[in-house]
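**Q** See upload10.csv below, with CSV, C-alpha atoms.
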chain,number,residue,atom,x,y,z
A,1,MET,CA,31.5,19.8,25.2
A,2,THR,CA,29.5,16.7,24.0
A,3,GLU,CA,26.5,17.4,21.8
A,4,THR,CA,23.2,16.1,23.2
A,5,ALA,CA,20.3,14.5,21.4
A,6,THR,CA,16.9,16.0,21.9
A,7,PRO,CA,14.3,13.3,22.4
A,8,THR,CA,11.5,13.5,19.8
A,9,GLN,CA,7.9,12.3,20.0
A,10,SER,CA,6.6,13.3,16.5
A,11,ALA,CA,3.3,11.8,15.5
A,12,GLN,CA,3.9,11.4,11.7
A,13,PRO,CA,6.8,10.1,9.6
A,14,ALA,CA,9.5,12.7,9.0
A,15,ARG,CA,10.3,11.3,5.5
A,16,PRO,CA,8.4,9.6,2.7
A,17,VAL,CA,7.8,6.0,3.8
A,18,ALA,CA,8.9,3.7,1.0
A,19,LEU,CA,11.6,1.1,0.5
A,20,LEU,CA,14.9,2.8,-0.4
A,21,SER,CA,18.1,1.7,-2.0
A,22,SER,CA,21.4,1.8,-0.2
A,23,GLN,CA,24.6,2.8,-2.0
A,24,LYS,CA,26.6,0.3,0.1
A,25,PRO,CA,25.9,-2.6,2.5
A,26,LEU,CA,23.8,-1.2,5.4
A,27,CYS,CA,26.7,-1.7,7.9
A,28,GLU,CA,28.8,0.7,5.8
A,29,GLN,CA,25.9,3.0,4.8
A,30,TYR,CA,25.1,3.8,8.5
A,31,GLN,CA,27.4,4.6,11.4
A,32,LEU,CA,25.2,3.5,14.3
A,33,ALA,CA,23.0,0.3,14.7
A,34,LEU,CA,20.2,0.6,17.2
A,35,LEU,CA,19.3,-3.1,17.5
A,36,ASP,CA,16.2,-4.5,19.2
A,37,LEU,CA,16.8,-7.6,21.3
A,38,ASP,CA,13.7,-9.8,21.7
A,39,GLY,CA,13.0,-11.5,18.4
A,40,VAL,CA,16.1,-9.9,16.7
A,41,ILE,CA,19.2,-11.1,18.8
A,42,TYR,CA,17.5,-13.7,21.0
A,43,ARG,CA,14.2,-15.4,21.8
A,44,GLY,CA,14.3,-15.9,25.6
A,45,LYS,CA,17.6,-17.7,26.3
A,46,ASN,CA,18.1,-18.8,22.7
A,47,PRO,CA,20.0,-16.9,20.0
A,48,VAL,CA,18.2,-15.9,16.8
A,49,GLU,CA,19.7,-17.6,13.7
A,50,PHE,CA,22.5,-15.7,12.0
A,51,ALA,CA,22.2,-12.8,14.5
A,52,ALA,CA,25.6,-13.0,16.3
A,53,GLN,CA,27.6,-13.7,13.1
A,54,SER,CA,25.9,-10.8,11.3
A,55,VAL,CA,26.4,-8.3,14.1
A,56,SER,CA,30.0,-9.3,14.5
A,57,LYS,CA,30.7,-8.7,10.8
A,58,ALA,CA,28.9,-5.4,10.9
A,59,ALA,CA,31.1,-4.3,13.8
A,60,ASP,CA,34.2,-5.4,11.9
A,61,ALA,CA,33.1,-3.2,9.0
A,62,GLY,CA,33.1,-0.2,11.3
A,63,MET,CA,29.5,0.0,12.4
A,64,THR,CA,28.9,1.0,16.1
A,65,ILE,CA,26.6,-1.5,17.7
A,66,THR,CA,24.1,-0.6,20.4
A,67,TYR,CA,21.0,-2.5,21.7
A,68,THR,CA,17.5,-1.2,22.6
A,69,THR,CA,14.8,-3.1,24.4
A,70,ASN,CA,11.3,-2.3,25.6
A,71,ASN,CA,11.9,-5.0,28.4
A,72,PRO,CA,12.5,-3.0,31.6
A,73,SER,CA,13.0,-6.0,33.9
A,74,ARG,CA,16.8,-6.7,33.4
A,75,PHE,CA,19.8,-4.6,34.3
A,76,PRO,CA,22.0,-3.6,31.3
A,77,GLN,CA,24.9,-5.6,32.7
A,78,VAL,CA,22.7,-8.8,32.7
A,79,VAL,CA,21.6,-8.2,29.1
A,80,ALA,CA,25.2,-7.5,28.1
A,81,ALA,CA,26.3,-10.8,29.7
A,82,GLN,CA,23.7,-12.7,27.7
A,83,ILE,CA,24.8,-11.1,24.5
A,84,LYS,CA,28.5,-11.8,25.2
A,85,GLY,CA,27.4,-15.5,25.7
A,86,PHE,CA,26.5,-15.5,22.0
A,87,GLY,CA,30.1,-14.6,21.2
A,88,LEU,CA,29.6,-10.8,20.8
A,89,GLU,CA,31.5,-8.0,22.5
A,90,CYS,CA,29.1,-6.0,24.6
A,91,ARG,CA,29.4,-3.4,27.4
A,92,PRO,CA,26.5,-2.4,29.6
A,93,GLN,CA,26.7,1.1,28.2
A,94,GLN,CA,25.7,-0.4,24.8
A,95,VAL,CA,22.3,-1.5,26.2
A,96,ILE,CA,19.4,1.0,26.6
A,97,THR,CA,16.2,-0.3,28.3
A,98,SER,CA,12.8,1.2,28.6
A,99,ALA,CA,13.5,1.5,32.4
A,100,ILE,CA,16.3,4.0,31.7
A,101,VAL,CA,14.1,6.0,29.4
A,102,ALA,CA,11.1,5.8,31.7
A,103,ALA,CA,13.0,7.2,34.7
A,104,ARG,CA,14.2,10.1,32.6
A,105,MET,CA,10.6,10.7,31.4
A,106,LEU,CA,9.4,10.9,35.0
A,107,SER,CA,12.0,13.5,35.8
A,108,GLN,CA,10.5,15.8,33.2
A,109,ARG,CA,6.9,15.3,34.3
A,110,ILE,CA,6.6,15.1,38.1
A,111,PRO,CA,8.4,17.0,40.9
A,112,HIS,CA,11.8,15.8,42.1
A,113,GLY,CA,11.4,13.7,45.2
A,114,SER,CA,7.8,12.6,44.5
A,115,LYS,CA,6.6,9.2,45.5
A,116,VAL,CA,6.2,6.7,42.6
A,117,LEU,CA,4.4,3.4,42.8
A,118,VAL,CA,6.5,1.1,40.5
A,119,VAL,CA,4.9,-2.0,39.2
A,120,GLY,CA,8.1,-3.5,37.9
A,121,GLY,CA,11.3,-5.3,38.6
A,122,GLU,CA,14.4,-4.2,40.5
A,123,HIS,CA,16.0,-2.6,37.4
A,124,LEU,CA,13.0,-0.3,36.9
A,125,LYS,CA,12.9,0.6,40.6
A,126,SER,CA,16.6,1.3,40.6
A,127,GLU,CA,16.4,3.7,37.7
A,128,VAL,CA,13.4,5.5,39.2
A,129,HIS,CA,15.3,5.9,42.5
A,130,GLY,CA,18.4,7.0,40.7
A,131,GLN,CA,16.4,10.0,39.3
A,132,GLY,CA,15.6,11.2,42.8
A,133,PHE,CA,12.2,9.7,43.4
A,134,GLU,CA,10.9,7.7,46.4
A,135,VAL,CA,9.8,4.2,45.2
A,136,VAL,CA,6.7,2.8,46.9
A,137,ASP,CA,4.6,-0.3,46.3
A,138,SER,CA,1.3,0.6,48.0
A,139,ALA,CA,-1.5,3.1,47.2
A,140,LYS,CA,-1.6,3.8,50.9
A,141,ASP,CA,1.6,5.8,50.4
A,142,HIS,CA,-0.3,8.3,48.3
A,143,PRO,CA,2.1,8.2,45.3
A,144,ALA,CA,2.1,11.1,42.8
A,145,ALA,CA,2.5,8.6,39.9
A,146,VAL,CA,2.2,5.0,38.9
A,147,LEU,CA,4.8,3.5,36.5
A,148,MET,CA,4.1,0.1,35.0
A,149,GLY,CA,6.8,-2.1,33.4
A,150,TRP,CA,7.0,-5.9,32.7
A,151,PHE,CA,8.7,-8.3,35.1
A,152,PRO,CA,8.2,-12.1,35.4
A,153,SER,CA,6.3,-12.1,38.7
A,154,ILE,CA,3.7,-9.4,37.8
A,155,GLY,CA,0.3,-10.3,39.2
A,156,TRP,CA,-3.1,-9.2,40.5
A,157,PRO,CA,-1.9,-7.7,43.8
A,158,GLN,CA,0.4,-5.2,42.0
A,159,LEU,CA,-2.3,-4.4,39.4
A,160,ALA,CA,-4.8,-3.7,42.2
A,161,GLN,CA,-2.4,-1.3,44.0
A,162,ALA,CA,-1.9,0.5,40.7
A,163,CYS,CA,-5.6,0.8,40.2
A,164,PHE,CA,-6.2,2.1,43.7
A,165,ALA,CA,-3.5,4.8,43.3
A,166,ILE,CA,-4.7,5.9,39.9
A,167,GLU,CA,-8.3,6.1,41.2
A,168,ALA,CA,-7.0,8.3,44.0
A,169,GLY,CA,-5.4,10.7,41.5
A,170,ALA,CA,-1.9,9.4,40.7
A,171,GLN,CA,-0.6,10.1,37.2
A,172,PHE,CA,-0.4,6.9,35.1
A,173,PHE,CA,2.7,6.0,33.1
A,174,CYS,CA,4.2,2.9,31.5
A,175,THR,CA,7.5,1.8,30.1
A,176,ASN,CA,6.0,0.5,26.9
A,177,HIS,CA,2.8,-1.0,25.5
A,178,ASP,CA,4.0,-4.3,23.9
A,179,THR,CA,1.1,-6.7,24.3
A,180,THR,CA,3.3,-9.7,23.5
A,181,LEU,CA,6.8,-10.8,24.4
A,182,PRO,CA,8.7,-13.5,22.3
A,183,ARG,CA,10.0,-16.4,24.3
A,184,GLU,CA,11.7,-19.7,23.5
A,185,TYR,CA,8.4,-21.5,22.9
A,186,GLY,CA,6.3,-18.7,21.5
A,187,LEU,CA,4.6,-15.4,22.4
A,188,THR,CA,3.7,-14.5,26.0
A,189,PRO,CA,1.8,-11.5,27.4
A,190,GLY,CA,3.8,-8.3,27.5
A,191,ILE,CA,3.2,-5.3,29.8
A,192,GLY,CA,0.7,-3.9,27.3
A,193,THR,CA,-1.7,-6.6,28.3
A,194,PHE,CA,-1.5,-5.6,31.9
A,195,VAL,CA,-1.6,-1.9,31.2
A,196,ASN,CA,-4.8,-2.5,29.2
A,197,ALA,CA,-6.3,-4.3,32.3
A,198,VAL,CA,-5.5,-1.3,34.6
A,199,ALA,CA,-6.8,1.1,32.0
A,200,ALA,CA,-10.0,-0.8,31.7
A,201,ALA,CA,-10.5,-1.0,35.4
A,202,THR,CA,-9.8,2.7,36.1
A,203,GLY,CA,-11.0,4.3,32.9
A,204,ARG,CA,-7.6,6.0,32.5
A,205,GLN,CA,-5.0,5.6,29.8
A,206,PRO,CA,-1.3,6.2,30.5
A,207,ALA,CA,-0.4,9.9,30.2
A,208,ALA,CA,2.9,9.0,28.5
A,209,MET,CA,5.0,6.0,27.5
A,210,ALA,CA,8.8,5.8,27.5
A,211,GLY,CA,9.6,2.9,25.2
A,212,LYS,CA,9.0,2.3,21.5
A,213,PRO,CA,6.9,3.3,19.5
A,214,GLU,CA,8.1,6.6,20.9
A,215,SER,CA,11.4,7.5,19.4
A,216,ALA,CA,12.9,8.8,22.7
A,217,MET,CA,14.7,5.5,23.2
A,218,TYR,CA,16.7,5.9,20.0
A,219,ASP,CA,17.5,9.5,20.9
A,220,VAL,CA,18.6,8.6,24.5
A,221,GLU,CA,20.8,5.8,23.1
A,222,ARG,CA,22.5,8.2,20.7
A,223,ASP,CA,23.0,10.6,23.6
A,224,ILE,CA,24.6,7.9,25.8
A,225,ASN,CA,26.8,6.7,22.9
A,226,ALA,CA,28.0,10.3,22.5
A,227,GLN,CA,29.2,10.6,26.1
A,228,GLY,CA,32.9,11.0,26.6
A,229,SER,CA,34.9,11.7,23.5
A,230,HIS,CA,32.4,10.4,21.0
A,231,LYS,CA,30.5,12.7,18.8
A,232,LEU,CA,26.7,12.5,18.5
A,233,VAL,CA,25.8,10.3,15.5
A,234,PRO,CA,23.2,12.1,13.4
A,235,VAL,CA,19.8,10.6,12.9
A,236,LYS,CA,20.4,10.0,9.2
A,237,GLN,CA,23.5,7.9,10.1
A,238,SER,CA,21.6,5.8,12.7
A,239,LEU,CA,19.7,2.7,11.8
A,240,PRO,CA,17.0,1.2,14.1
A,241,ILE,CA,16.6,-2.5,13.5
A,242,GLY,CA,13.7,-4.5,14.8
A,243,ASP,CA,11.1,-7.2,14.3
A,244,ARG,CA,8.0,-5.3,15.3
A,245,LEU,CA,6.3,-2.8,13.0
A,246,ASP,CA,4.2,-1.3,15.8
A,247,THR,CA,7.1,-0.6,18.1
A,248,ASP,CA,10.6,-0.7,16.5
A,249,ILE,CA,9.6,0.6,13.0
A,250,GLU,CA,7.0,3.1,14.2
A,251,ALA,CA,9.5,4.6,16.6
A,252,ALA,CA,11.9,5.0,13.8
A,253,ASN,CA,9.4,6.8,11.6
A,254,ARG,CA,8.2,9.0,14.4
A,255,GLY,CA,11.8,10.2,15.0
A,256,GLY,CA,12.8,10.5,11.3
A,257,TYR,CA,15.1,7.5,11.3
A,258,ASP,CA,15.5,5.0,8.5
A,259,SER,CA,14.9,1.4,9.6
A,260,LEU,CA,15.4,-2.3,8.9
A,261,CYS,CA,12.7,-4.8,9.7
A,262,VAL,CA,13.8,-8.5,10.1
A,263,LEU,CA,11.3,-11.4,9.9
A,264,THR,CA,12.7,-13.3,12.9
A,265,GLY,CA,10.2,-12.2,15.5
A,266,VAL,CA,6.7,-10.8,15.8
A,267,SER,CA,5.9,-9.2,12.4
A,268,HIS,CA,5.8,-11.2,9.3
A,269,ALA,CA,5.1,-10.9,5.5
A,270,ARG,CA,1.3,-10.2,5.7
A,271,ASP,CA,1.9,-7.5,8.4
A,272,LEU,CA,4.3,-5.8,6.1
A,273,LEU,CA,2.0,-5.9,3.1
A,274,LEU,CA,-0.8,-4.3,5.1
A,275,ALA,CA,1.3,-1.8,7.0
A,276,GLY,CA,0.1,1.8,7.1
A,277,PRO,CA,2.6,4.6,6.4
A,278,LEU,CA,3.7,4.9,10.1
A,279,LEU,CA,4.6,1.2,10.2
A,280,ARG,CA,6.6,0.8,7.0
A,281,PRO,CA,10.4,0.2,7.2
A,282,THR,CA,13.0,1.6,4.9
A,283,TYR,CA,14.5,-1.9,4.4
A,284,ILE,CA,13.3,-5.5,4.7
A,285,SER,CA,15.4,-8.5,5.4
A,286,ARG,CA,14.8,-12.2,6.3
A,287,ASP,CA,17.2,-11.9,9.2
A,288,LEU,CA,20.2,-9.8,10.3
A,289,ARG,CA,22.3,-10.9,7.3
A,290,GLY,CA,20.5,-8.0,5.7
A,291,LEU,CA,22.9,-5.7,7.6
A,292,LEU,CA,25.7,-7.0,5.4
A,293,GLU,CA,23.9,-6.5,2.1
A,294,GLN,CA,23.3,-3.6,-0.3
A,295,HIS,CA,19.6,-3.0,-0.7
A,296,HIS,CA,17.7,-2.2,-3.8
A,297,ALA,CA,14.4,-0.4,-4.0
A,298,PRO,CA,11.6,-1.4,-6.4
A,299,THR,CA,11.0,0.8,-9.4
A,300,LEU,CA,7.7,1.8,-11.0
A,301,GLY,CA,7.0,0.8,-14.6
A,302,GLU,CA,5.0,2.8,-17.1
A,303,ASP,CA,2.1,0.3,-16.8
A,304,GLY,CA,1.8,0.8,-13.0
A,305,SER,CA,3.6,-2.4,-12.1
A,306,TRP,CA,6.6,-2.6,-9.8
A,307,HIS,CA,9.9,-4.2,-10.6
A,308,LEU,CA,12.9,-5.5,-8.5
A,309,ARG,CA,15.7,-7.7,-9.8
A,310,GLY,CA,13.6,-9.9,-12.0
A,311,TRP,CA,10.4,-9.8,-9.9
A,312,THR,CA,7.3,-7.9,-11.0
A,313,ALA,CA,4.3,-7.1,-8.8
A,314,ARG,CA,1.1,-5.7,-10.2
A,315,ILE,CA,-2.5,-5.1,-9.0
A,316,VAL,CA,-5.3,-6.6,-11.2
A,317,ALA,CA,-9.0,-6.5,-10.9
A,318,THR,CA,-10.5,-9.6,-9.2
A,319,THR,CA,-12.6,-12.0,-11.2
A,320,HIS,CA,-14.7,-13.9,-8.7
A,321,ASP,CA,-15.2,-17.6,-9.0
A,322,ASP,CA,-16.3,-20.3,-6.6
A,323,HIS,CA,-12.8,-20.4,-5.0
A,324,SER,CA,-12.0,-16.7,-4.8
A,325,ASP,CA,-12.2,-14.3,-1.9
A,326,GLN,CA,-15.6,-12.7,-2.5
A,327,SER,CA,-14.6,-9.6,-0.5
A,328,ALA,CA,-11.5,-8.8,-2.6
A,329,GLN,CA,-11.7,-5.9,-5.0
A,330,ALA,CA,-8.3,-6.6,-6.6
A,331,GLN,CA,-5.4,-9.1,-6.4
A,332,LEU,CA,-1.7,-8.6,-6.0
A,333,ILE,CA,0.2,-10.9,-8.4
A,334,VAL,CA,3.9,-11.3,-8.2
A,335,THR,CA,5.8,-13.1,-11.0
A,336,ARG,CA,9.4,-13.8,-12.1
A,337,ASP,CA,10.6,-12.5,-15.5
A,338,HIS,CA,12.7,-15.4,-16.7
A,339,ASP,CA,12.1,-18.5,-14.6
A,340,GLN,CA,9.6,-20.2,-12.4
A,341,LYS,CA,11.2,-19.4,-9.0
A,342,ASP,CA,8.7,-19.7,-6.2
A,343,PRO,CA,7.9,-16.2,-4.9
A,344,ARG,CA,6.8,-17.5,-1.5
A,345,ASN,CA,10.5,-18.0,-0.4
A,346,SER,CA,12.0,-14.8,-2.0
A,347,ILE,CA,12.7,-11.7,0.0
A,348,ASP,CA,12.9,-9.7,-3.2
A,349,ALA,CA,9.4,-10.9,-4.1
A,350,LEU,CA,8.1,-9.7,-0.7
A,351,ARG,CA,9.9,-6.4,-1.1
A,352,VAL,CA,8.4,-5.6,-4.5
A,353,SER,CA,5.0,-6.9,-3.3
A,354,CYS,CA,5.1,-4.5,-0.3
A,355,GLN,CA,5.8,-1.5,-2.6
A,356,ALA,CA,2.9,-2.4,-4.8
A,357,ALA,CA,0.5,-3.0,-1.9
A,358,TRP,CA,1.6,0.3,-0.2
A,359,ALA,CA,1.1,2.3,-3.4
A,360,TYR,CA,-2.4,0.7,-3.8
A,361,ALA,CA,-3.3,1.7,-0.2
A,362,ASP,CA,-1.9,5.2,-0.6
A,363,SER,CA,-4.0,5.8,-3.7
A,364,GLY,CA,-7.1,5.6,-1.5
A,365,HIS,CA,-8.0,1.9,-1.8
A,366,ASP,CA,-8.7,-0.4,1.2
A,367,PRO,CA,-5.7,-2.8,1.5
A,368,TYR,CA,-7.9,-5.3,3.3
A,369,ARG,CA,-9.9,-5.7,0.1
A,370,LEU,CA,-6.7,-6.7,-1.8
A,371,ALA,CA,-6.1,-10.4,-2.2
A,372,LEU,CA,-2.5,-10.9,-1.2
A,373,PRO,CA,0.1,-13.6,-2.1
A,374,ASP,CA,1.2,-16.0,0.6
A,375,PHE,CA,4.9,-15.9,1.7
A,376,ASP,CA,6.9,-18.5,3.7
A,377,LEU,CA,9.7,-16.4,5.0
What does this structure look like when you write it as structure tokens?
**A**
Amino acid sequence: MTETATPTQSAQPARPVALLSSQKPLCEQYQLALLDLDGVIYRGKNPVEFAAQSVSKAADAGMTITYTTNNPSRFPQVVAAQIKGFGLECRPQQVITSAIVAARMLSQRIPHGSKVLVVGGEHLKSEVHGQGFEVVDSAKDHPAAVLMGWFPSIGWPQLAQACFAIEAGAQFFCTNHDTTLPREYGLTPGIGTFVNAVAAATGRQPAAMAGKPESAMYDVERDINAQGSHKLVPVKQSLPIGDRLDTDIEAANRGGYDSLCVLTGVSHARDLLLAGPLLRPTYISRDLRGLLEQHHAPTLGEDGSWHLRGWTARIVATTHDDHSDQSAQAQLIVTRDHDQKDPRNSIDALRVSCQAAWAYADSGHDPYRLALPDFDL
């Protein structure tokens, strides 16, 4: 009998949140990759630089590749076809969407056969129907629940029906709470923007959310991957990979997973430097080439400075002058031991700076009063 994963929704990290070293390249250290899509594999219709080549090499090294997305608007077979268009092998079973997780979530929270007003696309409606619910689109049908998920034609009429139903007593759920969605030309409003509008109008927040930052998506993907003759891959052998600290990385920490953050999407260097414990990844990479690399953790020196492969990061008291940030209490300075290499373009300089900034914050200081270096990564 196939072992089953138990979805988790822990509120705190299940491990110390700090950068770690890997004994081998990540694609060999971990058995299962749980890859986010938007901002990691593609931006809209366009592939992310180095993504396809890196994933292909990781698969050749023996890593099992799966994909997770908070976007509930497209069927897994459509997503798989786009991924295959980038030159990667991909079966629909390798793709888990927030629509799949949301339908399972509803089956645990409302009676079988209940009416559900779905503000979402055909994929979300299909998954909800497949769990034995009656899908409706009007508050006049007296639904037991409202489920919101992003789709391209979302508009005021759908939001109004959701409000009417919630005000009449329907339970409120959403697939995810991403406020932005990366596209070819930049960021666009995600479903979180529309969920916030409904919450503001009704005074009600969603009772539960299916997608990241809850870790259930990772647990469900591990379960789906284990169907048939495959064994369930342990959490410690599974690596979520994403571009958003507040979804991909937080979900990993909530579920006790290690994680890799890539800088090809939403979150960037400053976000990492200021990240609280729940938002900190285990590994940081410029892009998915980091899957093919062995990672090294910064080490703490006796003087309180942090060191990583020739880079040193230290916190020093601020001396204010006419050009300094008058609100800063201290400054994070990163230097190179033996040459004048520019830290702004070094991923190791960012890694060691993150560890120094996190230690500073964890010692009780306000990280927003810390003057931070600029990075161009």
**Q** Find, counting all atoms listed in the file, the residue in A:Pro143, A:Gly44, A:Gly149, A:Pro25 that gets nearest to A:Leu181.
**A**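 Answer, going by the shortest atom-to-atom distance: A:Gly44.
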**Q** Ranking A:Leu372, A:Ile96, A:Ala210, A:Leu187 by minimum distance to A:Ala328 and counting all atoms listed in the file, which one comes first?
**A**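 When distances to A:Ala328 are compared using all atoms listed in the file, the smallest one comes from A:Leu372.
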**Q** Within 8 Å of stretch 356-363 of chain A, counting only C-alpha atoms, which residues qualify if same-chain residues fewer than 6 places away don't, as an MDAnalysis selection string?
**A** chainID A and resid 273:277 305:306 313:315 332
**Q** Looking at only C-alpha atoms, which of A:Gln171, A:Ile284, A:Asp60, A:Asp366 is the one that sits closest to A:Pro111?
**A**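 Going through A:Gln171, A:Ile284, A:Asp60, A:Asp366 one by one, the smallest distance to A:Pro111 is for A:Gln171.
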**Q** One decimal, in Å: what's the spacing between atom CA of A:Arg43 and atom CA of A:Glu184?
**A**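 Distance between the two atoms: 5.3 Å.
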**Q** Per residue of stretch 114-196 of chain A within 12 Å of stretch 239-248 of chain A, record the nearest atom pair and its distance in Å to one decimal, counting only C-alpha atoms, with rows in chain order and ascending residue number, as a Markdown table.
**A**
| residue | atom | partner | partner_atom | distance |
| --- | --- | --- | --- | --- |
| A:Asn176 | CA | A:Thr247 | CA | 8.9 |
| A:His177 | CA | A:Thr247 | CA | 8.6 |
| A:Asp178 | CA | A:Thr247 | CA | 7.5 |
| A:Thr179 | CA | A:Asp246 | CA | 10.5 |
| A:Thr180 | CA | A:Arg244 | CA | 10.4 |
| A:Leu181 | CA | A:Arg244 | CA | 10.7 |
| A:Pro182 | CA | A:Asp243 | CA | 10.5 |
| A:Gly192 | CA | A:Thr247 | CA | 11.7 |
**Q** Report, in Å with one decimal, the straight-line distance from atom CA of A:Phe194 to atom CA of A:Glu250.
**A**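 About the pair atom CA of A:Phe194 and atom CA of A:Glu250: they are 21.5 Å apart.
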**Q** Tell me, as a list in words, which residues lie within 8 Å of A:Glu214, counting all atoms listed in the file; anything in the same chain fewer than 3 positions away does not count.
**A**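 With the cut-off at 8 Å, the set is Thr8, Gln9, Met209, Ala210, Gly211, Met217, Thr247, Glu250, Ala251, Arg254 and Gly255 of chain A.
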**Q** I need the residue nearest A:Thr69 from this list: A:Thr299, A:Ser238, A:Gln82, A:Thr175. Use all atoms listed in the file for the distance.
**A** A:Thr175
**Q** Go through A:Ala200, A:Leu370, A:Val48, A:Val262 and flag the residue nearest A:Ile347, using all atoms listed in the file for the distances.
**A**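 For A:Ile347, the nearest of the candidates is A:Val262.
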**Q** So, with only C-alpha atoms as the atoms that count, which of A:Ser98, A:Ser267, A:Ser215, A:Gln294 lies closest to A:Pro72?
**A**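 Using only C-alpha atoms, the shortest distance to A:Pro72 belongs to A:Ser98.
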**Q** Counting only C-alpha atoms, select every polymer residue within 8 Å of (-12.3, -6.1, -5.9) as defined in the file's coordinates, and provide the selection as a VMD selection string.
**A** chain A and resid 317 to 319 327 to 331 369 to 370
**Q** Just the number, please: distance in Å from atom CA of A:Arg344 to atom CA of A:Asp376, one decimal.
**A**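 For atom CA of A:Arg344 relative to atom CA of A:Asp376, the distance reads 5.3 Å.
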**Q** Considering all atoms listed in the file, return as a PyMOL selection string whatever protein or nucleic-acid residues lie within 10 Å of A:His307, sequence-local ones (same chain, fewer than 4 positions apart) excluded.
**A** chain A and resi 297-301+311-314+334-337+348-349+351-353+355-356
**Q** If we count only C-alpha atoms, what is near A:Ala208 at a cut-off of 8 Å, once residues fewer than 5 positions away on the same chain are taken out, given as a list of chain:residue names?
**A**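 Here the answer would be A:Phe172, A:Phe173, A:Cys174.
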**Q** Kindly provide, as a PyMOL selection string, the polymer residues lying within 10 Å of (31.6, 3.1, 30.3), counting all atoms listed in the file and using the coordinates exactly as they appear in the file.
**A** chain A and resi 91-94+224-225+227-228
**Q** Neighbouring residues of stretch 124-132 of chain A were defined as those with any atom within 12 Å, considering only C-alpha atoms; residues of the same chain fewer than 3 positions away were excluded. Please report them as a PyMOL selection string.
**A** chain A and resi 70-76+96-121+135-137+145-151+174-175+210
**Q** Stretch 269-372 of chain A near stretch 51-56 of chain A within 10 Å: what's each residue's closest atom pair and its distance in Å to one decimal, counting all atoms listed in the file, ordered by chain then ascending residue number, as CSV?
**A**
residue,atom,partner,partner_atom,distance
A:Asp287,CA,A:Ala51,CA,7.3
A:Leu288,CA,A:Ala51,CA,5.5
A:Arg289,CA,A:Ser54,CA,5.4
A:Gly290,CA,A:Ser54,CA,8.3
A:Leu291,CA,A:Ser54,CA,7.0
A:Leu292,CA,A:Ser54,CA,7.0
